[in-house]
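Below is one structure, written out as C-alpha cells; comments come after it.
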2 protein chains.
Amino acid sequence: MAKDVEDIVAGVLGGDRRAASRLMRLVDDHEEASIDLLGRLYPHTGRALVVGVAGSPGCGKSTIIDGLLAELRGQGRKVGVVAIDPSSALTGGAILGDRIRMQRHSLDEGVFIRSLATRGAQGGLSRSTLDVCRVMDAMGMDVVVVETVGIGQDEVDIRMAANVTVVVLSPDTGDAIQIMKAGVMEIADVFVVNKMDKDGGDAVVQELRLMLAATPERAGTPVVEMEARTGRGARELAAALGAFVEPPGRIREKRRLEIRRRAGEAFTAWFEERSRESIERTIDRIQDGAETPYDIVRRIKGSMEGWNL
Amino acid sequence: MAKDVEDIVAGVLGGDRRAASRLMRLVDDHEEASIDLLGRLYPHTGRALVVGVAGSPGCGKSTIIDGLLAELRGQGRKVGVVAIDPSSALTGGAILGDRIRMQRHSLDEGVFIRSLATRGAQGGLSRSTLDVCRVMDAMGMDVVVVETVGIGQDEVDIRMAANVTVVVLSPDTGDAIQIMKAGVMEIADVFVVNKMDKDGGDAVVQELRLMLAATPERAGTPVVEMEARTGRGARELAAALGAFVEPPGRIREKRRLEIRRRAGEAFTAWFEERSRESIERTIDRIQDGAETPYDIVRRIKGSMEGWNL
C-alpha cells in the first residue's frame, strides 16, 4: 500500500484522472487509507474556487452549470463538477453514478465530473462532498462546482466546502420562494433567477429584490437573470462569482464545522464497532419494558463524564 | 420544574394540546428536560399508526394528506400531522411554523398539526421528528402522518418513526422517478400516483409497476391512483395503509437506528461543550500549517481507544 499511497498522491498532484477517481472511491467507501491520502494532499489545496449551486429540482441547475462550464472553459480555466443532487441531469443522478452522463464536455480534458451517491442510513447524501472537492482542488481544477438541492444536511455540506454559494430560483417551481425562505436563503452569496423567458420571471426577481432590500446585511447580494437554455446570463454569473469576496470570519467557521463533523464521524465509527452487542442487549431491554430509548441518552452522557479529548 | 413535569406528563396523556405543544417546544429546543418527559411518556406510546408521506415538492403531498385526514376523520379517528417539508402548504412551511395554516381542519378537535423548523447547521431539518410523533401518540392520536420531501437525512427520520411509508409520484414533476430511484424508492411500503387526471399519469403508473415487478421482494407493493384535488383515491389509500403489516425485523432495525442516533447526539452535545477551546486551538494549528483536518480524525480515534460504554 505504501507504494500505492505515493502513486496516488503523485498522480493526483499531477492532475491524473485515474488516480483522482481511485482516491474518490476510497473516500466514498470511507476507507481508512483515504484519511492519510487526504492529509498528504491537504497542503496543496485551497487554490480552487469552490462554487456551491443549490436549488430545488427542476429549476435548471444542470443547464446553468453547463453554461457556466462553457463560459469558464472559454476563459481557459479547468473546472470540476461534484453533483449531490440525485436528480442531476448533468451526472445522470446518483444512481447512475459516473457511468452515464449528458455531457458535451465529457471529452474535454479540462473538465472533471463526479457524482456522489447516497450512502445508506447514517450517511445521508453527501458526506464526502468536502473531501471530493479537495481532491479536485489538489489535481489542479481552477473552479469546482458543487450541485445540490441544498436542503437539510446538504446545506451544511455546501457551507463547509464552498467559497461562494449560488441559489437558483425559477418561475415554474412554485415552491421556490417557499423553500428558499426555509434556510437555503441564508447560504446564498449570489442569486440566479433562471427561465426568465417564462411568465413570472420578472415577478420572482422583484419579490427577491424586495426580500433582500428588507435585510440590511443582504442588500448587496447580486441577482443574475438567466435563460440558461440559450446561454443568456452565463457570463454575468461567472463575473459575479469572480467578484465575490469570502467574508473573513467564514473560513474559521467552516473549519469549526469540519472539525465537529469529523469528530462526530470518528465517534460514530467507534460506536458502530465497539457497541454492536451492547446495542442488541439494549434493544432487548427496551422490548422487555425495562428501559426506554431515553435512558440511553442519560447512560451515554454519564459514561462520557470522564472522557478527555 | 418537578410540578411542571407532572403537569406536562398528565396533560399530554389526557390529550391536552397546550401541554403537548409545550413539550414539543422543549423537544425542538433540545432542552434537557424533554429527555425525562419523553422517557416518562414512552411506556404509553406505540399505539398510533405512524404514516410517513414522502415525495418531491409539487407532487401534491399536502392535498393527499388533506384528503386522508377527511377520510380518517370520517371514520372517527384522531389524526396528528407532522410536516418536515419546508414547502408544505398544509403547515405553511417551516418558516411560518405553527402560526399560519391552510386548514379546513384547524377547528377540529380530532386533528393536531405541527411543523418542524430547520435547526441550524448541525441539526438538519428534522432531528425531532420521532419524538414529536411519540408525543402525538401519547396524547391519543390514532394516526400520525409525517410529511417530508424524503431525501437525505429525512429518509432516516421517516424510517425511524414510521410504521408504514407512502411515496408519492406525479406526472408533472419530471424528476420524480429519477429521485425515487435514488434511495426513496426503498422506503416505500405504498405508492401513490397523484394527479391521474393529468397527461402522463398512466405512464407513471405503468413505469412504476414495471419497476416493482422487476424486484421480487417489492412485487406486492400497492400502487394507489389518486386525484387528490377531487378526493379520488383517499379511501383506497386509507385502506392500503390499514392493510399494511410492518415486517417483524423492521421494528428492531428502527430501534438500532434510534440508539445510534441518540448516541451520536449525546456525543455531539458533549463535544460541543467540552472542546470549545480545543477546537479553536486546532483551527489555529491548521491555519499555521502545523496540522491538517485529517490529523484530527486520527487524534480522536486515538483518544477513544480506552473508552467504554
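Residue numbers start at 1 in each chain; chains themselves are named A, B, ... in the order of the C-alpha cells; ligands are numbered from 1 in the order shown.
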Which residues are near Ala48 (chain B)? Cut-off 7 Å, only C-alpha atoms, ignore same chain within fewer than 5 positions. Put them as a short mmCIF file (atom, residue, chain, number, x, y, z; two decimals) with N, CA and C atoms, in the first residue's frame.
data_model
loop_
_atom_site.label_atom_id
_atom_site.label_comp_id
_atom_site.auth_asym_id
_atom_site.auth_seq_id
_atom_site.Cartn_x
_atom_site.Cartn_y
_atom_site.Cartn_z
N ASP B 137 -48.59 10.37 19.67
CA ASP B 137 -49.02 9.03 20.02
C ASP B 137 -49.52 9.01 21.48
N MET B 141 -53.53 10.34 19.61
CA MET B 141 -53.83 10.33 18.18
C MET B 141 -53.82 8.88 17.68
N ASP B 142 -54.80 8.53 16.85
CA ASP B 142 -54.85 7.16 16.34
C ASP B 142 -53.89 6.98 15.17
N VAL B 143 -53.77 8.04 14.38
CA VAL B 143 -52.87 8.01 13.23
C VAL B 143 -52.02 9.27 13.28
N VAL B 144 -50.72 9.14 13.01
CA VAL B 144 -49.85 10.31 12.91
C VAL B 144 -49.22 10.30 11.52
#
*Considering only C-alpha atoms, return as a list in words whatever protein or nucleic-acid residues lie within 9 Å of Phe267 (chain A), sequence-local ones (same chain, fewer than 6 positions apart) excluded.*
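Listed by chain and then number, they are Gly264, Phe267, Thr268, Ile300, Lys301 and Met304 of chain B.
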Written file, previous selection with N, CA and C atoms, as a PDB file, in the first residue's frame:
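Contents of part-v8.pdb, as written:
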ATOM      1  N   GLY B 264     -25.000   9.303  18.989  1.00  0.00           N
ATOM      2  CA  GLY B 264     -24.295  10.342  18.229  1.00  0.00           C
ATOM      3  C   GLY B 264     -24.636  11.734  18.738  1.00  0.00           C
ATOM      4  N   PHE B 267     -22.939  12.384  22.020  1.00  0.00           N
ATOM      5  CA  PHE B 267     -21.527  12.696  21.815  1.00  0.00           C
ATOM      6  C   PHE B 267     -21.359  14.140  21.344  1.00  0.00           C
ATOM      7  N   THR B 268     -22.168  14.530  20.350  1.00  0.00           N
ATOM      8  CA  THR B 268     -22.059  15.878  19.792  1.00  0.00           C
ATOM      9  C   THR B 268     -22.265  16.927  20.873  1.00  0.00           C
ATOM     10  N   ILE B 300      -8.688  11.861  17.473  1.00  0.00           N
ATOM     11  CA  ILE B 300      -9.914  11.457  18.171  1.00  0.00           C
ATOM     12  C   ILE B 300      -9.978   9.943  18.300  1.00  0.00           C
ATOM     13  N   LYS B 301      -9.668   9.247  17.218  1.00  0.00           N
ATOM     14  CA  LYS B 301      -9.690   7.785  17.285  1.00  0.00           C
ATOM     15  C   LYS B 301      -8.737   7.288  18.353  1.00  0.00           C
ATOM     16  N   MET B 304     -10.101   7.690  21.826  1.00  0.00           N
ATOM     17  CA  MET B 304     -11.255   6.854  22.139  1.00  0.00           C
ATOM     18  C   MET B 304     -10.869   5.415  22.451  1.00  0.00           C
TER      19      MET B 304
END
*Could you name the residues that touch Gly200 (chain A) at 8 Å or less, counting only C-alpha atoms, but leaving out those on the same chain fewer than 3 positions away, as a PyMOL selection string?*
chain A and resi 171-172+196+203-204
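Nearest to chain A of all the residues B:Leu41, B:Val224, B:Leu107, B:Leu23 is B:Leu41, based on only C-alpha atoms.
You will find CA of Ile283 (chain A) at 10.7 Å from CA of Leu257 (chain B).
Relative to CA of Gly67 (chain A), CA of Thr230 (chain A) is found at 8.6 Å.
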*Which neighbours of region 189-195 of chain A fall inside 8 Å, counting only C-alpha atoms, when residues of the same chain fewer than 3 positions from it are skipped, and could you give them as a VMD selection string?*
chain A and resid 59 to 60 164 to 171 198 201 204 to 205 221 to 229 237 240 to 241 244
Expected file contents, prior selection, C-alpha atoms, as an mmCIF file, in the first residue's frame:
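What ended up in again-v4.cif:
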data_model
loop_
_atom_site.group_PDB
_atom_site.id
_atom_site.type_symbol
_atom_site.label_atom_id
_atom_site.label_comp_id
_atom_site.auth_asym_id
_atom_site.auth_seq_id
_atom_site.Cartn_x
_atom_site.Cartn_y
_atom_site.Cartn_z
ATOM 1 C CA CYS A 59 -35.071 24.940 -11.526
ATOM 2 C CA GLY A 60 -32.422 24.248 -14.158
ATOM 3 C CA VAL A 164 -19.238 31.142 -2.769
ATOM 4 C CA THR A 165 -22.781 29.777 -2.959
ATOM 5 C CA VAL A 166 -25.332 30.357 -5.720
ATOM 6 C CA VAL A 167 -29.017 29.800 -5.029
ATOM 7 C CA VAL A 168 -31.198 29.242 -8.097
ATOM 8 C CA LEU A 169 -34.862 30.192 -8.349
ATOM 9 C CA SER A 170 -37.184 29.839 -11.317
ATOM 10 C CA PRO A 171 -40.728 30.992 -12.038
ATOM 11 C CA LYS A 198 -41.146 32.192 -18.869
ATOM 12 C CA GLY A 201 -39.707 35.545 -14.148
ATOM 13 C CA VAL A 204 -39.631 36.323 -8.943
ATOM 14 C CA VAL A 205 -36.809 38.865 -9.459
ATOM 15 C CA THR A 221 -26.371 40.350 -2.891
ATOM 16 C CA PRO A 222 -26.154 40.059 -6.713
ATOM 17 C CA VAL A 223 -29.199 38.756 -8.593
ATOM 18 C CA VAL A 224 -28.301 37.317 -12.011
ATOM 19 C CA GLU A 225 -31.121 36.888 -14.522
ATOM 20 C CA MET A 226 -30.621 33.854 -16.730
ATOM 21 C CA GLU A 227 -32.154 31.893 -19.547
ATOM 22 C CA ALA A 228 -29.707 29.051 -19.201
ATOM 23 C CA ARG A 229 -31.110 27.063 -22.114
ATOM 24 C CA LEU A 237 -22.852 34.654 -13.431
ATOM 25 C CA ALA A 240 -20.478 37.703 -10.132
ATOM 26 C CA LEU A 241 -18.679 34.614 -8.836
ATOM 27 C CA PHE A 244 -17.331 37.721 -4.677
#
_Just want the 8 Å neighbourhood of Thr129 (chain B), counted on only C-alpha atoms, with same-chain residues fewer than 2 positions away dropped. Output as a list in words._
Val82, Ile84, Leu116, Ser126, Arg127, Asp131, Val132, Cys133, Asp157, Ile158 and Ala161 of chain B
Pull C-alpha atoms from the residues just selected and write them as a PDB file, in the first residue's frame.
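As a result, selection30.pdb now contains:
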ATOM      1  CA  VAL B  82     -46.045  16.447  11.440  1.00  0.00           C
ATOM      2  CA  ILE B  84     -40.840  18.356   7.871  1.00  0.00           C
ATOM      3  CA  LEU B 116     -40.795  21.247  12.393  1.00  0.00           C
ATOM      4  CA  SER B 126     -35.973  17.127  11.305  1.00  0.00           C
ATOM      5  CA  ARG B 127     -33.974  15.905  14.244  1.00  0.00           C
ATOM      6  CA  ASP B 131     -40.006  12.482  19.429  1.00  0.00           C
ATOM      7  CA  VAL B 132     -42.811  14.686  18.146  1.00  0.00           C
ATOM      8  CA  CYS B 133     -44.547  11.607  16.700  1.00  0.00           C
ATOM      9  CA  ASP B 157     -36.042  10.114  10.102  1.00  0.00           C
ATOM     10  CA  ILE B 158     -39.013   8.558   8.340  1.00  0.00           C
ATOM     11  CA  ALA B 161     -40.552   6.984  13.044  1.00  0.00           C
TER      12      ALA B 161
END
_Within 9 Å of Ala238 (chain A) using only C-alpha atoms, minus same-chain residues under 6 positions, as a PyMOL selection string_ = chain A and resi 68+71-72
*Given only C-alpha atoms as the counted atoms, nearest of B:Ala138, B:Glu246, B:Arg17, B:Asp28 to Thr45 (chain B)*: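 Answer, going by the shortest atom-to-atom distance: B:Ala138.
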_Gly11 (chain A) environment, 12 Å, only C-alpha atoms, sequence neighbours closer than 4 positions dropped, as a PyMOL selection string_ = chain A and resi 3-7+15-23+37+41+135+138-140
*Between A:Ala33, A:Val50, A:Val9, A:Leu38, which is the closest to chain B once you count only C-alpha atoms?*
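Result for the nearest residue to chain B: A:Leu38.
With distances restricted to only C-alpha atoms, A:Ile187 is the closest residue to chain B from A:Ala214, A:Ile187, A:Ile8, A:Leu69.
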*Using DSSP on the backbone coordinates, identify all residues within region 187-224 of chain A classified as strand (DSSP E or B); present the result as a list in words.*
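Written out, the strand (DSSP E or B) residues of region 187-224 of chain A are Val190, Phe191, Val192, Val193, Val223 and Val224 of chain A.
Going from CA of Leu13 (chain A) to CA of Ser128 (chain A) covers 19.4 Å.
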